[in-house]
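Novice: I am attaching a structure below and will ask some questions about it afterwards.
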Amino acid sequence: MPRQLVECVPNFSEGRDAGKIDAIVQAILAVPEVVLLDREADADHNRSVLTFVGPPAAVADAAFRAVEKAVALIDLTRQQGAHPRIGAADVVPFIPIESVTLAECVQLAERLGAEIWSKLKVPVYLYEAAARRPERTNLENIRRGQFEALVQEMGTVPARDPDIGDPVCHPTAGATVTGARKFLIAYNINLNTPDVAIAKRIAKTIRFSSGGFRYVKSMGVMLVSRNLAQVSINLTDFEQTPMHVVFEAVRREAERYGVAVAGSEIVGLIPRKAIELSAEYFLRYENFRPELVLENRIAEALSARRGLPEFLDALASPSATPGGGSAAAAAAAMSAALGSMVTRLAKLASEPFEDDRRFFTAAVDRDAEAFNAVMLAYKRPKAERAGFIEEALHGAAVVPLQVVERIHAMQQRLDALQIPARFASDLAVAKALATAARAGALENVNINLESIQDEAFKLAVTTRIQSLK
């Protein structure tokens with residue numbers, strides 16, 4: 001049974017005070033379902049990067065707690081460092097990892113932004129996939145002039161108005177940027193020279209905005225503690241522009257100025273595939289393929305052992321999730337799998353049923369996560385509980401509604417199949433499973449609608465259901 005995992009990689013404008021960083025980390029770890037994967041602090045940049053993962057609702061909760069702690073502890077009027085920043089919690093991106101879409105991460109970012117403004121009065125900008133203005137897709141455009149310029153311009157220059165909140169900069173915490181993006185590699189290459197002008201020229205050569213590599217953002221900074229210049233790089237799509245291509249370009253450019261590369265460093269975590277791509281390039285393996293990597297083979301072998309028994313054990317356990325909604329989605333996934341089987345045996349197109357199978361399989365965990373979000377909402381302080389419960393109930397109704405709608409379309413395709421008689425019993429089972437799954441998912445929709453106060457939302461859901469009859 002696939003999990004739903006979202007990664008969050010917030011950047012905080014503090015890299016020197018270990019006590020403050022510890023406090024932010026503890027705020028994240030206070031959410032039980034979240035796992036902290038990495039912690040990086042850089043004194044020259046005066047910046048920390050934390051990496052944590054978990055189910056979407058839990059990750060969003062941990063992200064807010066971390067921002068809340070950073071706003072309380074970090075004063076940008078006294079903070080200086082080599083890295084550009086506009087906020088105490090400078091940027092909070094969500095990255096889809098497993099059984100989660102980029103669009104769902106956009107929704108997480110929007111909800112987080114609304115919560116940051118309503119509770120902390122820190123204005124919020126949305127970037128990358130969540131950007132509401134084309135020019136705000138790129139983070140550097142939002143950060144232009146840093147905190148000092150933003151304080152002066154917000155409220156007077158319309159282009160600097162936030163996406164969420166009033167155009168009033170928080171006096172000490174500035175503003176926060178949040179959004180959704182693909183996996184990003186933060187990669188720094190250090191030069192054996194203190195001449196930061198060389199690093200800036202190299203950064204300009206390789207970054208896309210100046211005519212360099214696609215998916216590369218870069219800047220030249222000074223590492224005072226080491227008396228070295230650094231080319232600080234963000235790779236926004238390492239598969240399109242791999243690390244080794246960028247490294248080689250920086251090395252060649254540095255040689256033009258009579259400078260060598262002193263070393264390079266990765267900030268945060270890096271996908272295994274990025275290392276594999278570079279290993280294949282530098283070592284020139286003639287037989288290289290991902291299956292040769294030990295960890296890949298172990299993960300493949302372990303995943304092959306997961307399946308129906310694990311799901312049934314979880315379903316039978318004395319916990320609220322997974323429950324009936326997950327079971328309905330699982331039945332729909334089995335129906336889709338049988339639809340795929342009979343179409344393949346009959347030499348017909350199976351892709352629509354394979355798409356269905358992936359959707360319903362992901363919905364097994366999405367339904368459980370939606371219910372968990374409702375439970376988390378009920379645990380909030382009483383004064384703020386109502387709005388979060390209503391929002392969570394909306395999600396708990398929408399997930400099974402989407403399952404019902406998808407089943408409806410799949411049932412029409414099952415009914416239209418013309419297959420040899422020897423496959424008729426398998427098709428009949430697929431139809432029976434689809435019917436049961438639809439009824440079960442519809443029960444979940446209705447039970448959640450009973451608790452929702454928003455009449456317009458209830459009408460919209462009811463209308464969607466009626467359209468399927």
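Please note that chains go A, B, ... in the order of the structure tokens, that every chain numbers its residues from 1, and that ligands are numbered from 1 in the order shown.
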Residues within 9 Å of region 155-169 of chain A, please, as a list in words. Count only C-alpha atoms; anything in the same chain fewer than 5 positions from it doesn't count.
Specialist: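 Counting only the stated atoms, we get Glu110, Gly113, Ala114, Trp117, Ser118, Lys121, Val122, Pro123, Val124, Tyr125, Leu126, Ala131, Arg132, Arg133, Ile142, Phe147, Leu150, Gly174 and Ala175 of chain A.
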Novice: Would you return as a PyMOL selection string the members of region 189-434 of chain A that DSSP assigns to strand (DSSP E or B) on this structure's backbone?
Specialist: chain A and resi 189-191+216-223+228-235+261-267
Novice: For the residues selected in the previous step, produce a file with N, CA and C atoms as an mmCIF file, in the first residue's frame.
Specialist:
```cif
data_model
loop_
_atom_site.group_PDB
_atom_site.id
_atom_site.type_symbol
_atom_site.label_atom_id
_atom_site.label_comp_id
_atom_site.auth_asym_id
_atom_site.auth_seq_id
_atom_site.Cartn_x
_atom_site.Cartn_y
_atom_site.Cartn_z
ATOM 1 N N ILE A 189 30.120 25.381 -5.061
ATOM 2 C CA ILE A 189 31.467 25.072 -5.528
ATOM 3 C C ILE A 189 32.395 26.180 -5.045
ATOM 4 N N ASN A 190 33.391 25.792 -4.252
ATOM 5 C CA ASN A 190 34.320 26.756 -3.665
ATOM 6 C C ASN A 190 35.560 26.902 -4.535
ATOM 7 N N LEU A 191 36.006 28.117 -4.683
ATOM 8 C CA LEU A 191 37.184 28.439 -5.490
ATOM 9 C C LEU A 191 38.363 28.762 -4.578
ATOM 10 N N VAL A 216 19.322 26.144 -13.850
ATOM 11 C CA VAL A 216 20.417 26.530 -12.958
ATOM 12 C C VAL A 216 20.208 27.959 -12.473
ATOM 13 N N LYS A 217 20.263 28.140 -11.149
ATOM 14 C CA LYS A 217 20.284 29.459 -10.527
ATOM 15 C C LYS A 217 21.593 29.549 -9.761
ATOM 16 N N SER A 218 22.264 30.676 -9.822
ATOM 17 C CA SER A 218 23.555 30.755 -9.153
ATOM 18 C C SER A 218 23.904 32.188 -8.802
ATOM 19 N N MET A 219 24.798 32.314 -7.824
ATOM 20 C CA MET A 219 25.311 33.621 -7.416
ATOM 21 C C MET A 219 26.705 33.423 -6.824
ATOM 22 N N GLY A 220 27.508 34.467 -6.832
ATOM 23 C CA GLY A 220 28.828 34.430 -6.234
ATOM 24 C C GLY A 220 28.781 35.057 -4.855
ATOM 25 N N VAL A 221 29.319 34.376 -3.860
ATOM 26 C CA VAL A 221 29.327 34.892 -2.485
ATOM 27 C C VAL A 221 30.715 34.706 -1.889
ATOM 28 N N MET A 222 30.962 35.386 -0.777
ATOM 29 C CA MET A 222 32.243 35.301 -0.086
ATOM 30 C C MET A 222 32.091 34.491 1.193
ATOM 31 N N LEU A 223 32.966 33.506 1.385
ATOM 32 C CA LEU A 223 33.011 32.746 2.624
ATOM 33 C C LEU A 223 34.088 33.373 3.505
ATOM 34 N N LEU A 228 37.471 32.306 1.093
ATOM 35 C CA LEU A 228 37.279 31.739 -0.239
ATOM 36 C C LEU A 228 36.037 32.336 -0.893
ATOM 37 N N ALA A 229 36.083 32.440 -2.212
ATOM 38 C CA ALA A 229 34.888 32.814 -2.977
ATOM 39 C C ALA A 229 34.136 31.539 -3.343
ATOM 40 N N GLN A 230 32.825 31.658 -3.420
ATOM 41 C CA GLN A 230 31.989 30.478 -3.675
ATOM 42 C C GLN A 230 30.976 30.767 -4.772
ATOM 43 N N VAL A 231 30.771 29.791 -5.651
ATOM 44 C CA VAL A 231 29.670 29.835 -6.605
ATOM 45 C C VAL A 231 28.549 29.011 -5.984
ATOM 46 N N SER A 232 27.510 29.687 -5.516
ATOM 47 C CA SER A 232 26.384 29.036 -4.846
ATOM 48 C C SER A 232 25.314 28.740 -5.885
ATOM 49 N N ILE A 233 24.900 27.470 -5.976
ATOM 50 C CA ILE A 233 24.076 27.009 -7.097
ATOM 51 C C ILE A 233 22.827 26.292 -6.601
ATOM 52 N N ASN A 234 21.721 26.531 -7.274
ATOM 53 C CA ASN A 234 20.512 25.734 -7.121
ATOM 54 C C ASN A 234 20.219 25.040 -8.444
ATOM 55 N N LEU A 235 20.116 23.721 -8.405
ATOM 56 C CA LEU A 235 19.726 22.951 -9.591
ATOM 57 C C LEU A 235 18.261 22.575 -9.430
ATOM 58 N N VAL A 261 39.303 24.829 -8.563
ATOM 59 C CA VAL A 261 38.205 24.496 -7.663
ATOM 60 C C VAL A 261 38.794 23.903 -6.383
ATOM 61 N N ALA A 262 38.452 24.492 -5.250
ATOM 62 C CA ALA A 262 38.959 23.997 -3.973
ATOM 63 C C ALA A 262 38.133 22.826 -3.452
ATOM 64 N N GLY A 263 36.900 22.745 -3.889
ATOM 65 C CA GLY A 263 36.018 21.672 -3.444
ATOM 66 C C GLY A 263 34.579 22.061 -3.675
ATOM 67 N N SER A 264 33.669 21.139 -3.424
ATOM 68 C CA SER A 264 32.244 21.442 -3.570
ATOM 69 C C SER A 264 31.494 20.823 -2.411
ATOM 70 N N GLU A 265 30.278 21.283 -2.178
ATOM 71 C CA GLU A 265 29.495 20.801 -1.047
ATOM 72 C C GLU A 265 28.018 20.774 -1.406
ATOM 73 N N ILE A 266 27.322 19.832 -0.829
ATOM 74 C CA ILE A 266 25.882 19.711 -1.016
ATOM 75 C C ILE A 266 25.205 20.221 0.246
ATOM 76 N N VAL A 267 24.209 21.071 0.082
ATOM 77 C CA VAL A 267 23.457 21.595 1.219
ATOM 78 C C VAL A 267 22.138 20.837 1.283
#
```
Novice: Please identify which residues in region 95-276 of chain A DSSP calls helix (DSSP H, G or I) from the backbone, and express them as an MDAnalysis selection string.
Specialist: chainID A and resid 102:120 134:136 139:143 146:153 158:160 196:206 208:210 243:256 272:276
Novice: I need the chosen residues saved as a PDB file, in the first residue's frame, with C-alpha atoms.
Specialist:
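Final output, out-v5.pdb:
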```
ATOM      1  CA  LEU A 102       2.602  18.889  -7.265  1.00  0.00           C
ATOM      2  CA  ALA A 103      -0.909  20.395  -7.343  1.00  0.00           C
ATOM      3  CA  GLU A 104      -1.618  18.946  -3.890  1.00  0.00           C
ATOM      4  CA  CYS A 105       1.609  20.523  -2.627  1.00  0.00           C
ATOM      5  CA  VAL A 106       0.411  23.856  -4.028  1.00  0.00           C
ATOM      6  CA  GLN A 107      -2.716  23.515  -1.889  1.00  0.00           C
ATOM      7  CA  LEU A 108      -0.543  22.815   1.174  1.00  0.00           C
ATOM      8  CA  ALA A 109       1.471  25.966   0.480  1.00  0.00           C
ATOM      9  CA  GLU A 110      -1.645  28.082   0.093  1.00  0.00           C
ATOM     10  CA  ARG A 111      -3.102  26.788   3.347  1.00  0.00           C
ATOM     11  CA  LEU A 112       0.184  27.355   5.166  1.00  0.00           C
ATOM     12  CA  GLY A 113       0.416  30.883   3.792  1.00  0.00           C
ATOM     13  CA  ALA A 114      -3.095  31.707   5.000  1.00  0.00           C
ATOM     14  CA  GLU A 115      -2.287  30.337   8.463  1.00  0.00           C
ATOM     15  CA  ILE A 116       0.993  32.262   8.710  1.00  0.00           C
ATOM     16  CA  TRP A 117      -0.772  35.516   7.914  1.00  0.00           C
ATOM     17  CA  SER A 118      -3.861  34.958  10.069  1.00  0.00           C
ATOM     18  CA  LYS A 119      -1.935  33.873  13.170  1.00  0.00           C
ATOM     19  CA  LEU A 120       1.486  35.507  12.893  1.00  0.00           C
ATOM     20  CA  PRO A 134       4.408  34.852 -13.534  1.00  0.00           C
ATOM     21  CA  GLU A 135       7.255  37.014 -12.262  1.00  0.00           C
ATOM     22  CA  ARG A 136       7.042  35.335  -8.858  1.00  0.00           C
ATOM     23  CA  LEU A 139      12.432  33.185  -5.939  1.00  0.00           C
ATOM     24  CA  GLU A 140      15.150  35.705  -6.737  1.00  0.00           C
ATOM     25  CA  ASN A 141      12.551  38.124  -8.103  1.00  0.00           C
ATOM     26  CA  ILE A 142      10.680  38.090  -4.802  1.00  0.00           C
ATOM     27  CA  ARG A 143      13.887  38.490  -2.794  1.00  0.00           C
ATOM     28  CA  GLN A 146      16.212  41.723   0.504  1.00  0.00           C
ATOM     29  CA  PHE A 147      14.474  42.532   3.784  1.00  0.00           C
ATOM     30  CA  GLU A 148      15.795  46.085   3.904  1.00  0.00           C
ATOM     31  CA  ALA A 149      14.240  47.025   0.550  1.00  0.00           C
ATOM     32  CA  LEU A 150      11.030  45.132   1.269  1.00  0.00           C
ATOM     33  CA  VAL A 151      10.405  47.079   4.473  1.00  0.00           C
ATOM     34  CA  GLN A 152      10.601  50.316   2.500  1.00  0.00           C
ATOM     35  CA  GLU A 153       8.658  49.221  -0.583  1.00  0.00           C
ATOM     36  CA  PRO A 158       2.269  47.646  -5.802  1.00  0.00           C
ATOM     37  CA  ALA A 159       4.626  45.078  -7.342  1.00  0.00           C
ATOM     38  CA  ARG A 160       5.896  44.252  -3.844  1.00  0.00           C
ATOM     39  CA  VAL A 196      34.462  37.145  -5.094  1.00  0.00           C
ATOM     40  CA  ALA A 197      34.257  39.019  -8.416  1.00  0.00           C
ATOM     41  CA  ILE A 198      35.449  35.848 -10.173  1.00  0.00           C
ATOM     42  CA  ALA A 199      32.767  33.786  -8.457  1.00  0.00           C
ATOM     43  CA  LYS A 200      30.125  36.321  -9.501  1.00  0.00           C
ATOM     44  CA  ARG A 201      31.295  36.265 -13.121  1.00  0.00           C
ATOM     45  CA  ILE A 202      31.222  32.457 -13.197  1.00  0.00           C
ATOM     46  CA  ALA A 203      27.765  32.438 -11.583  1.00  0.00           C
ATOM     47  CA  LYS A 204      26.507  34.810 -14.263  1.00  0.00           C
ATOM     48  CA  THR A 205      27.929  32.584 -16.993  1.00  0.00           C
ATOM     49  CA  ILE A 206      26.204  29.396 -15.823  1.00  0.00           C
ATOM     50  CA  PHE A 208      19.829  30.449 -16.920  1.00  0.00           C
ATOM     51  CA  SER A 209      18.602  34.012 -16.354  1.00  0.00           C
ATOM     52  CA  SER A 210      21.888  35.287 -17.822  1.00  0.00           C
ATOM     53  CA  MET A 243      25.479  18.175 -11.374  1.00  0.00           C
ATOM     54  CA  HIS A 244      28.552  17.012 -13.270  1.00  0.00           C
ATOM     55  CA  VAL A 245      27.716  19.231 -16.243  1.00  0.00           C
ATOM     56  CA  VAL A 246      27.561  22.269 -13.985  1.00  0.00           C
ATOM     57  CA  PHE A 247      30.712  21.279 -12.076  1.00  0.00           C
ATOM     58  CA  GLU A 248      32.694  20.882 -15.281  1.00  0.00           C
ATOM     59  CA  ALA A 249      31.465  24.243 -16.566  1.00  0.00           C
ATOM     60  CA  VAL A 250      32.501  25.994 -13.332  1.00  0.00           C
ATOM     61  CA  ARG A 251      35.896  24.274 -13.391  1.00  0.00           C
ATOM     62  CA  ARG A 252      36.561  25.339 -16.972  1.00  0.00           C
ATOM     63  CA  GLU A 253      35.444  28.921 -16.307  1.00  0.00           C
ATOM     64  CA  ALA A 254      37.616  29.084 -13.185  1.00  0.00           C
ATOM     65  CA  GLU A 255      40.645  27.938 -15.196  1.00  0.00           C
ATOM     66  CA  ARG A 256      40.106  30.869 -17.564  1.00  0.00           C
ATOM     67  CA  ARG A 272      20.481   8.899  -5.239  1.00  0.00           C
ATOM     68  CA  LYS A 273      19.809   9.262  -8.940  1.00  0.00           C
ATOM     69  CA  ALA A 274      21.795  12.509  -9.041  1.00  0.00           C
ATOM     70  CA  ILE A 275      24.864  10.699  -7.694  1.00  0.00           C
ATOM     71  CA  GLU A 276      24.300   7.824 -10.118  1.00  0.00           C
TER      72      GLU A 276
END
```
Novice: Give me, please, the distance in Å between CA of Thr435 (chain A) and CA of Arg406 (chain A), quoted to one decimal.
Specialist: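 CA of Arg406 (chain A) lies 12.0 Å from CA of Thr435 (chain A).
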Novice: Considering only C-alpha atoms, return as a PDB file with C-alpha atoms, in the first residue's frame whatever protein or nucleic-acid residues lie within 9 Å of region 388-399 of chain A, sequence-local ones (same chain, fewer than 3 positions apart) excluded.
Specialist:
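Dumped to around_13.pdb:
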```
ATOM      1  CA  GLY A 325     -12.921   4.825   2.571  1.00  0.00           C
ATOM      2  CA  ALA A 363      -6.482   7.192  -2.971  1.00  0.00           C
ATOM      3  CA  ARG A 366      -5.188   9.856   0.549  1.00  0.00           C
ATOM      4  CA  ASP A 367      -8.451   8.870   2.203  1.00  0.00           C
ATOM      5  CA  ALA A 368      -6.662   7.851   5.409  1.00  0.00           C
ATOM      6  CA  GLU A 369      -4.656  11.069   5.376  1.00  0.00           C
ATOM      7  CA  ALA A 370      -7.803  13.164   4.904  1.00  0.00           C
ATOM      8  CA  PHE A 371      -9.369  11.529   7.953  1.00  0.00           C
ATOM      9  CA  ASN A 372      -6.178  12.057   9.961  1.00  0.00           C
ATOM     10  CA  ALA A 373      -6.363  15.743   9.063  1.00  0.00           C
ATOM     11  CA  VAL A 374      -9.842  15.878  10.618  1.00  0.00           C
ATOM     12  CA  MET A 375      -8.492  14.276  13.793  1.00  0.00           C
ATOM     13  CA  LEU A 376      -5.630  16.790  13.939  1.00  0.00           C
ATOM     14  CA  ALA A 377      -8.115  19.631  13.517  1.00  0.00           C
ATOM     15  CA  TYR A 378     -10.089  18.440  16.543  1.00  0.00           C
ATOM     16  CA  ARG A 380      -6.280  22.205  17.996  1.00  0.00           C
ATOM     17  CA  GLU A 384      -9.357  28.163  16.604  1.00  0.00           C
ATOM     18  CA  ARG A 385     -10.751  24.671  16.086  1.00  0.00           C
ATOM     19  CA  GLN A 402     -13.206  11.903  -6.537  1.00  0.00           C
ATOM     20  CA  VAL A 403     -13.110   8.131  -6.102  1.00  0.00           C
ATOM     21  CA  VAL A 404     -16.843   7.908  -6.877  1.00  0.00           C
ATOM     22  CA  ALA A 441     -16.965   5.661  -1.263  1.00  0.00           C
ATOM     23  CA  ASN A 444     -17.892   8.182   3.087  1.00  0.00           C
ATOM     24  CA  VAL A 445     -18.958  11.280   1.178  1.00  0.00           C
ATOM     25  CA  ASN A 446     -22.351  11.341   2.857  1.00  0.00           C
ATOM     26  CA  ILE A 447     -21.074  10.813   6.404  1.00  0.00           C
ATOM     27  CA  ASN A 448     -18.712  13.759   6.045  1.00  0.00           C
ATOM     28  CA  LEU A 449     -21.360  15.987   4.488  1.00  0.00           C
ATOM     29  CA  SER A 451     -20.911  17.362   9.705  1.00  0.00           C
ATOM     30  CA  ILE A 452     -20.149  20.172   7.237  1.00  0.00           C
ATOM     31  CA  GLN A 453     -21.766  23.565   7.848  1.00  0.00           C
ATOM     32  CA  ASP A 454     -20.905  25.133   4.472  1.00  0.00           C
ATOM     33  CA  PHE A 457     -20.026  23.285  -0.536  1.00  0.00           C
ATOM     34  CA  VAL A 461     -20.912  18.035  -3.829  1.00  0.00           C
TER      35      VAL A 461
END
```
Novice: With only C-alpha atoms as the counted atoms, please give the residues lying no more than 9 Å from Arg85 (chain A), apart from itself and same-chain residues fewer than 2 positions off, as a PyMOL selection string.
Specialist: chain A and resi 12-13+76+81+83+87-91+143-147
Novice: Selected residues, C-alpha atoms, written as a PDB file, in the first residue's frame, please.
Specialist:
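Wrote it out as result-v8.pdb, contents follow:
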```pdb
ATOM      1  CA  PHE A  12      15.669  30.063   8.120  1.00  0.00           C
ATOM      2  CA  SER A  13      17.735  33.232   8.425  1.00  0.00           C
ATOM      3  CA  LEU A  76      16.120  40.506  10.743  1.00  0.00           C
ATOM      4  CA  GLY A  81      24.820  37.060   6.178  1.00  0.00           C
ATOM      5  CA  HIS A  83      22.725  34.712   1.629  1.00  0.00           C
ATOM      6  CA  GLY A  87      12.149  36.683   6.157  1.00  0.00           C
ATOM      7  CA  ALA A  88      13.053  34.994   9.417  1.00  0.00           C
ATOM      8  CA  ALA A  89      11.417  31.935   7.881  1.00  0.00           C
ATOM      9  CA  ASP A  90      12.661  32.885   4.441  1.00  0.00           C
ATOM     10  CA  VAL A  91      11.287  30.184   2.181  1.00  0.00           C
ATOM     11  CA  ARG A 143      13.887  38.490  -2.794  1.00  0.00           C
ATOM     12  CA  ARG A 144      15.217  41.418  -4.803  1.00  0.00           C
ATOM     13  CA  GLY A 145      16.612  44.069  -2.461  1.00  0.00           C
ATOM     14  CA  GLN A 146      16.212  41.723   0.504  1.00  0.00           C
ATOM     15  CA  PHE A 147      14.474  42.532   3.784  1.00  0.00           C
TER      16      PHE A 147
END
```
